[in-house]
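Listing of target19.cif, mmCIF, C-alpha atoms and all ligand atoms
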```
data_entry
loop_
_atom_site.group_PDB
_atom_site.id
_atom_site.type_symbol
_atom_site.label_atom_id
_atom_site.label_comp_id
_atom_site.auth_asym_id
_atom_site.auth_seq_id
_atom_site.Cartn_x
_atom_site.Cartn_y
_atom_site.Cartn_z
ATOM 1 C CA MET Z 1 21.450 14.551 2.366
ATOM 2 C CA GLY Z 2 17.935 13.398 3.103
ATOM 3 C CA LYS Z 3 16.738 12.741 6.585
ATOM 4 C CA CYS Z 4 14.987 9.589 7.684
ATOM 5 C CA LYS Z 5 11.302 10.335 8.199
ATOM 6 C CA PHE Z 6 11.238 7.943 11.141
ATOM 7 C CA CYS Z 7 14.287 8.632 13.254
ATOM 8 C CA GLY Z 8 15.253 12.044 11.863
ATOM 9 C CA GLU Z 9 18.874 11.072 11.262
ATOM 10 C CA LYS Z 10 20.692 11.352 7.965
ATOM 11 C CA ALA Z 11 19.410 8.708 5.594
ATOM 12 C CA GLY Z 12 21.879 9.189 2.761
ATOM 13 C CA PHE Z 13 21.800 10.749 -0.668
ATOM 14 C CA LEU Z 14 18.265 10.915 -2.136
ATOM 15 C CA LYS Z 15 16.941 8.711 0.630
ATOM 16 C CA LYS Z 16 13.982 9.499 2.855
ATOM 17 C CA LYS Z 17 14.210 6.650 5.300
ATOM 18 C CA HIS Z 18 16.310 3.857 6.698
ATOM 19 C CA LYS Z 19 15.129 0.381 5.863
ATOM 20 C CA GLU Z 20 15.622 -0.656 9.508
ATOM 21 C CA CYS Z 21 13.484 2.213 10.733
ATOM 22 C CA GLU Z 22 10.697 1.413 8.326
ATOM 23 C CA LEU Z 23 10.844 -2.190 9.410
ATOM 24 C CA LYS Z 24 10.635 -1.218 13.084
ATOM 25 C CA PHE Z 25 7.711 1.032 12.249
ATOM 26 C CA ASN Z 26 5.812 -1.725 10.450
ATOM 27 C CA GLU Z 27 6.602 -4.456 12.928
ATOM 28 C CA GLY Z 28 5.870 -2.148 15.837
ATOM 29 C CA GLN Z 29 2.323 -1.669 14.636
ATOM 30 C CA LEU Z 30 1.701 -5.396 14.343
ATOM 31 C CA LYS Z 31 3.152 -5.974 17.808
ATOM 32 C CA TYR Z 32 1.042 -3.142 19.168
ATOM 33 C CA ILE Z 33 -2.142 -4.818 18.017
ATOM 34 C CA GLU Z 34 -1.063 -8.269 19.181
ATOM 35 C CA LEU Z 35 -0.127 -6.934 22.585
ATOM 36 C CA ILE Z 36 -3.459 -5.213 23.070
ATOM 37 C CA LYS Z 37 -5.437 -8.213 21.882
ATOM 38 C CA SER Z 38 -3.608 -10.699 24.052
ATOM 39 C CA SER Z 39 -3.852 -8.416 27.071
ATOM 40 C CA ILE Z 40 -7.599 -7.994 26.779
ATOM 41 C CA LEU Z 41 -8.373 -11.601 25.979
ATOM 42 C CA GLY Z 42 -5.884 -12.963 28.486
ATOM 43 C CA ASN Z 43 -7.117 -10.566 31.144
ATOM 44 C CA ARG Z 44 -3.586 -9.311 31.771
ATOM 45 C CA ASP Z 45 -2.466 -6.365 33.810
ATOM 46 C CA LEU Z 46 -3.442 -3.267 31.839
ATOM 47 C CA GLN Z 47 -1.004 -1.001 33.617
ATOM 48 C CA GLU Z 48 1.743 -3.250 32.351
ATOM 49 C CA LEU Z 49 0.193 -3.198 28.895
ATOM 50 C CA SER Z 50 0.223 0.557 28.787
ATOM 51 C CA GLU Z 51 3.890 0.642 29.814
ATOM 52 C CA ASN Z 52 4.745 -1.883 27.136
ATOM 53 C CA LEU Z 53 2.818 0.095 24.552
ATOM 54 C CA LEU Z 54 4.614 3.256 25.509
ATOM 55 C CA SER Z 55 8.038 1.759 24.999
ATOM 56 C CA LEU Z 56 6.942 0.085 21.787
ATOM 57 C CA LYS Z 57 5.527 3.386 20.607
ATOM 58 C CA GLN Z 58 8.842 5.122 21.178
ATOM 59 C CA SER Z 59 11.002 2.401 19.669
ATOM 60 C CA SER Z 60 8.764 2.055 16.600
ATOM 61 C CA PHE Z 61 8.459 5.784 15.839
ATOM 62 C CA LEU Z 62 4.711 5.824 16.413
ATOM 63 C CA ASN Z 63 2.879 9.040 17.264
ATOM 64 C CA ASP Z 64 -0.338 9.673 19.194
ATOM 65 C CA GLU Z 65 -2.446 9.331 16.104
ATOM 66 C CA HIS Z 66 -0.951 5.914 15.355
ATOM 67 C CA HIS Z 67 -1.599 4.984 18.958
ATOM 68 C CA ILE Z 68 -5.294 5.842 18.743
ATOM 69 C CA ASN Z 69 -5.724 4.062 15.420
ATOM 70 C CA LEU Z 70 -3.951 0.949 16.634
ATOM 71 C CA VAL Z 71 -5.892 0.800 19.888
ATOM 72 C CA THR Z 72 -9.118 1.165 17.914
ATOM 73 C CA ASP Z 73 -8.077 -1.514 15.411
ATOM 74 C CA ALA Z 74 -7.059 -3.936 18.103
ATOM 75 C CA PHE Z 75 -10.248 -3.296 20.019
ATOM 76 C CA ASP Z 76 -12.215 -3.858 16.848
ATOM 77 C CA GLN Z 77 -10.540 -7.212 16.325
ATOM 78 C CA VAL Z 78 -11.163 -8.258 19.910
ATOM 79 C CA VAL Z 79 -14.825 -7.388 19.636
ATOM 80 C CA SER Z 80 -15.291 -9.357 16.405
ATOM 81 C CA LYS Z 81 -13.497 -12.282 17.963
ATOM 82 C CA VAL Z 82 -15.598 -12.178 21.097
ATOM 83 C CA LEU Z 83 -18.811 -11.879 19.101
ATOM 84 C CA GLU Z 84 -17.886 -14.668 16.690
ATOM 85 C CA ASP Z 85 -20.193 -17.073 18.467
ATOM 86 C CA GLY Z 86 -22.966 -14.479 18.519
ATOM 87 C CA MET Z 87 -22.923 -14.210 22.267
ATOM 88 C CA LEU Z 88 -21.308 -12.003 24.803
ATOM 89 C CA SER Z 89 -20.617 -13.743 28.058
ATOM 90 C CA VAL Z 90 -20.366 -11.836 31.300
ATOM 91 C CA ALA Z 91 -16.654 -12.633 31.500
ATOM 92 C CA GLU Z 92 -16.094 -11.330 27.981
ATOM 93 C CA GLU Z 93 -18.007 -8.198 28.679
ATOM 94 C CA GLU Z 94 -15.982 -7.609 31.821
ATOM 95 C CA LYS Z 95 -12.710 -7.916 29.935
ATOM 96 C CA ILE Z 96 -13.854 -5.448 27.326
ATOM 97 C CA THR Z 97 -15.351 -3.018 29.801
ATOM 98 C CA ARG Z 98 -12.177 -3.111 31.860
ATOM 99 C CA PHE Z 99 -10.128 -2.218 28.813
ATOM 100 C CA CYS Z 100 -12.497 0.551 27.746
ATOM 101 C CA ASP Z 101 -12.408 2.060 31.211
ATOM 102 C CA PHE Z 102 -8.664 1.854 31.348
ATOM 103 C CA MET Z 103 -8.108 3.364 27.908
ATOM 104 C CA GLN Z 104 -11.036 5.711 28.398
ATOM 105 C CA LEU Z 105 -12.723 4.487 25.273
ATOM 106 C CA GLY Z 106 -16.117 4.360 26.909
ATOM 107 C CA GLN Z 107 -17.729 7.408 25.461
ATOM 108 C CA ASP Z 108 -17.401 6.851 21.720
ATOM 109 C CA ILE Z 109 -16.463 3.267 21.076
ATOM 110 C CA TYR Z 110 -18.106 1.035 23.624
ATOM 111 C CA PRO Z 111 -21.797 1.916 23.133
ATOM 112 C CA PHE Z 112 -21.366 1.693 19.382
ATOM 113 C CA TYR Z 113 -20.582 -2.018 19.582
ATOM 114 C CA PHE Z 114 -22.846 -3.085 22.352
ATOM 115 C CA LYS Z 115 -25.931 -0.963 22.315
ATOM 116 C CA ASN Z 116 -27.895 -3.582 20.397
ATOM 117 C CA LEU Z 117 -26.608 -6.509 22.303
ATOM 118 C CA LYS Z 118 -28.652 -8.030 25.047
ATOM 119 C CA HIS Z 119 -27.976 -10.801 27.417
HETATM 120 ZN ZN ZN K 201 16.013 6.132 10.476
#
```
Using structure tokens, write down the structure from this file.
Amino acid sequence: MGKCKFCGEKAGFLKKKHKECELKFNEGQLKYIELIKSSILGNRDLQELSENLLSLKQSSFLNDEHHINLVTDAFDQVVSKVLEDGMLSVAEEEKITRFCDFMQLGQDIYPFYFKNLKH
């Protein structure tokens, strides 16, 4: 009997995963990114975001590495969206800075995007 690589339960003869678990895993990642994006852009409570992410992470079989990659991806998408018009408003910068501070992304990610940007 093979075990499901997501939930660790028996998956059946010659099977390595449950379809439902794989689906949760894939959908969880999309939701993860959406949640982060909408929280930054909508200026929502980040404490609440991090609680939501934690439960999503557990229910979608995501590990810490997935978490970091998804946060980075979502952040990336937010930054391209915000910079679409070629300008960074003070309000936009505040939203992004707030998120960076909260997720402690400051050191590596933030300066990379904004070091050449002046306003
Ligand atoms: Zn499973």
### Task
Taking only C-alpha atoms and all ligand atoms into account, report as a PyMOL selection string which residues have an atom no farther than 12 Å from an atom of ligand ZN 201 (chain K).
chain Z and resi 2-12+15-25+59-61
Write out, as a PDB file, keeping the file's coordinate frame, the residues just selected, with C-alpha atoms.
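Here's the written file part-v6.pdb:
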```pdb
ATOM      1  CA  GLY Z   2      17.935  13.398   3.103  1.00  0.00           C
ATOM      2  CA  LYS Z   3      16.738  12.741   6.585  1.00  0.00           C
ATOM      3  CA  CYS Z   4      14.987   9.589   7.684  1.00  0.00           C
ATOM      4  CA  LYS Z   5      11.302  10.335   8.199  1.00  0.00           C
ATOM      5  CA  PHE Z   6      11.238   7.943  11.141  1.00  0.00           C
ATOM      6  CA  CYS Z   7      14.287   8.632  13.254  1.00  0.00           C
ATOM      7  CA  GLY Z   8      15.253  12.044  11.863  1.00  0.00           C
ATOM      8  CA  GLU Z   9      18.874  11.072  11.262  1.00  0.00           C
ATOM      9  CA  LYS Z  10      20.692  11.352   7.965  1.00  0.00           C
ATOM     10  CA  ALA Z  11      19.410   8.708   5.594  1.00  0.00           C
ATOM     11  CA  GLY Z  12      21.879   9.189   2.761  1.00  0.00           C
ATOM     12  CA  LYS Z  15      16.941   8.711   0.630  1.00  0.00           C
ATOM     13  CA  LYS Z  16      13.982   9.499   2.855  1.00  0.00           C
ATOM     14  CA  LYS Z  17      14.210   6.650   5.300  1.00  0.00           C
ATOM     15  CA  HIS Z  18      16.310   3.857   6.698  1.00  0.00           C
ATOM     16  CA  LYS Z  19      15.129   0.381   5.863  1.00  0.00           C
ATOM     17  CA  GLU Z  20      15.622  -0.656   9.508  1.00  0.00           C
ATOM     18  CA  CYS Z  21      13.484   2.213  10.733  1.00  0.00           C
ATOM     19  CA  GLU Z  22      10.697   1.413   8.326  1.00  0.00           C
ATOM     20  CA  LEU Z  23      10.844  -2.190   9.410  1.00  0.00           C
ATOM     21  CA  LYS Z  24      10.635  -1.218  13.084  1.00  0.00           C
ATOM     22  CA  PHE Z  25       7.711   1.032  12.249  1.00  0.00           C
ATOM     23  CA  SER Z  59      11.002   2.401  19.669  1.00  0.00           C
ATOM     24  CA  SER Z  60       8.764   2.055  16.600  1.00  0.00           C
ATOM     25  CA  PHE Z  61       8.459   5.784  15.839  1.00  0.00           C
TER      26      PHE Z  61
END
```
Residue members of the PyMOL selection byres (((chain Z and resi 46) around 12) and not hetatm) in the file shown, as a PDB file with C-alpha atoms, in the coordinates of the input:
```pdb
ATOM      1  CA  LEU Z  35      -0.127  -6.934  22.585  1.00  0.00           C
ATOM      2  CA  ILE Z  36      -3.459  -5.213  23.070  1.00  0.00           C
ATOM      3  CA  LYS Z  37      -5.437  -8.213  21.882  1.00  0.00           C
ATOM      4  CA  SER Z  38      -3.608 -10.699  24.052  1.00  0.00           C
ATOM      5  CA  SER Z  39      -3.852  -8.416  27.071  1.00  0.00           C
ATOM      6  CA  ILE Z  40      -7.599  -7.994  26.779  1.00  0.00           C
ATOM      7  CA  LEU Z  41      -8.373 -11.601  25.979  1.00  0.00           C
ATOM      8  CA  GLY Z  42      -5.884 -12.963  28.486  1.00  0.00           C
ATOM      9  CA  ASN Z  43      -7.117 -10.566  31.144  1.00  0.00           C
ATOM     10  CA  ARG Z  44      -3.586  -9.311  31.771  1.00  0.00           C
ATOM     11  CA  ASP Z  45      -2.466  -6.365  33.810  1.00  0.00           C
ATOM     12  CA  GLN Z  47      -1.004  -1.001  33.617  1.00  0.00           C
ATOM     13  CA  GLU Z  48       1.743  -3.250  32.351  1.00  0.00           C
ATOM     14  CA  LEU Z  49       0.193  -3.198  28.895  1.00  0.00           C
ATOM     15  CA  SER Z  50       0.223   0.557  28.787  1.00  0.00           C
ATOM     16  CA  GLU Z  51       3.890   0.642  29.814  1.00  0.00           C
ATOM     17  CA  ASN Z  52       4.745  -1.883  27.136  1.00  0.00           C
ATOM     18  CA  LEU Z  53       2.818   0.095  24.552  1.00  0.00           C
ATOM     19  CA  LYS Z  95     -12.710  -7.916  29.935  1.00  0.00           C
ATOM     20  CA  ILE Z  96     -13.854  -5.448  27.326  1.00  0.00           C
ATOM     21  CA  ARG Z  98     -12.177  -3.111  31.860  1.00  0.00           C
ATOM     22  CA  PHE Z  99     -10.128  -2.218  28.813  1.00  0.00           C
ATOM     23  CA  CYS Z 100     -12.497   0.551  27.746  1.00  0.00           C
ATOM     24  CA  ASP Z 101     -12.408   2.060  31.211  1.00  0.00           C
ATOM     25  CA  PHE Z 102      -8.664   1.854  31.348  1.00  0.00           C
ATOM     26  CA  MET Z 103      -8.108   3.364  27.908  1.00  0.00           C
TER      27      MET Z 103
END
```
Listed atoms of region 3-22 of chain Z, axis-aligned box, 3 Å per side: centre and edge lengths to one decimal in Å, as JSON?
```
{"center_x": 16.3, "center_y": 6.0, "center_z": 5.6, "size_x": 17.2, "size_y": 19.4, "size_z": 21.4}
```
#### Entry: Minimum-distance residue to Val71 (chain Z), chosen among Z:Leu105, Z:Asn26, Z:Leu14, Z:Met1 (using only C-alpha atoms)
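Selected residue with least distance to Val71 (chain Z): Z:Leu105.
For the pair CA of Asn63 (chain Z) and CA of Phe75 (chain Z), the separation is 18.2 Å.
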### Query
At what distance in Å, to one decimal, does CA of Glu94 (chain Z) lie from CA of Gln77 (chain Z)?
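Rounded to one decimal, the two atoms are 16.4 Å apart.
For the pair CA of Leu30 (chain Z) and CA of Asn69 (chain Z), the interatomic distance is 12.1 Å.
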### Task
Kindly indicate which residue among Z:Thr97, Z:Leu54, Z:Leu70, Z:Glu65 lies nearest to Glu34 (chain Z), using only C-alpha atoms for the distances.
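Using only C-alpha atoms, Glu34 (chain Z) sits closest to Z:Leu70.
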### Message
Restricting the calculation to only C-alpha atoms: of Z:Val82, Z:Leu62, Z:Ser89, Z:Leu56, which residue gets closest to Lys31 (chain Z)?
### Response
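So, comparing all the options, the nearest one is Z:Leu56.
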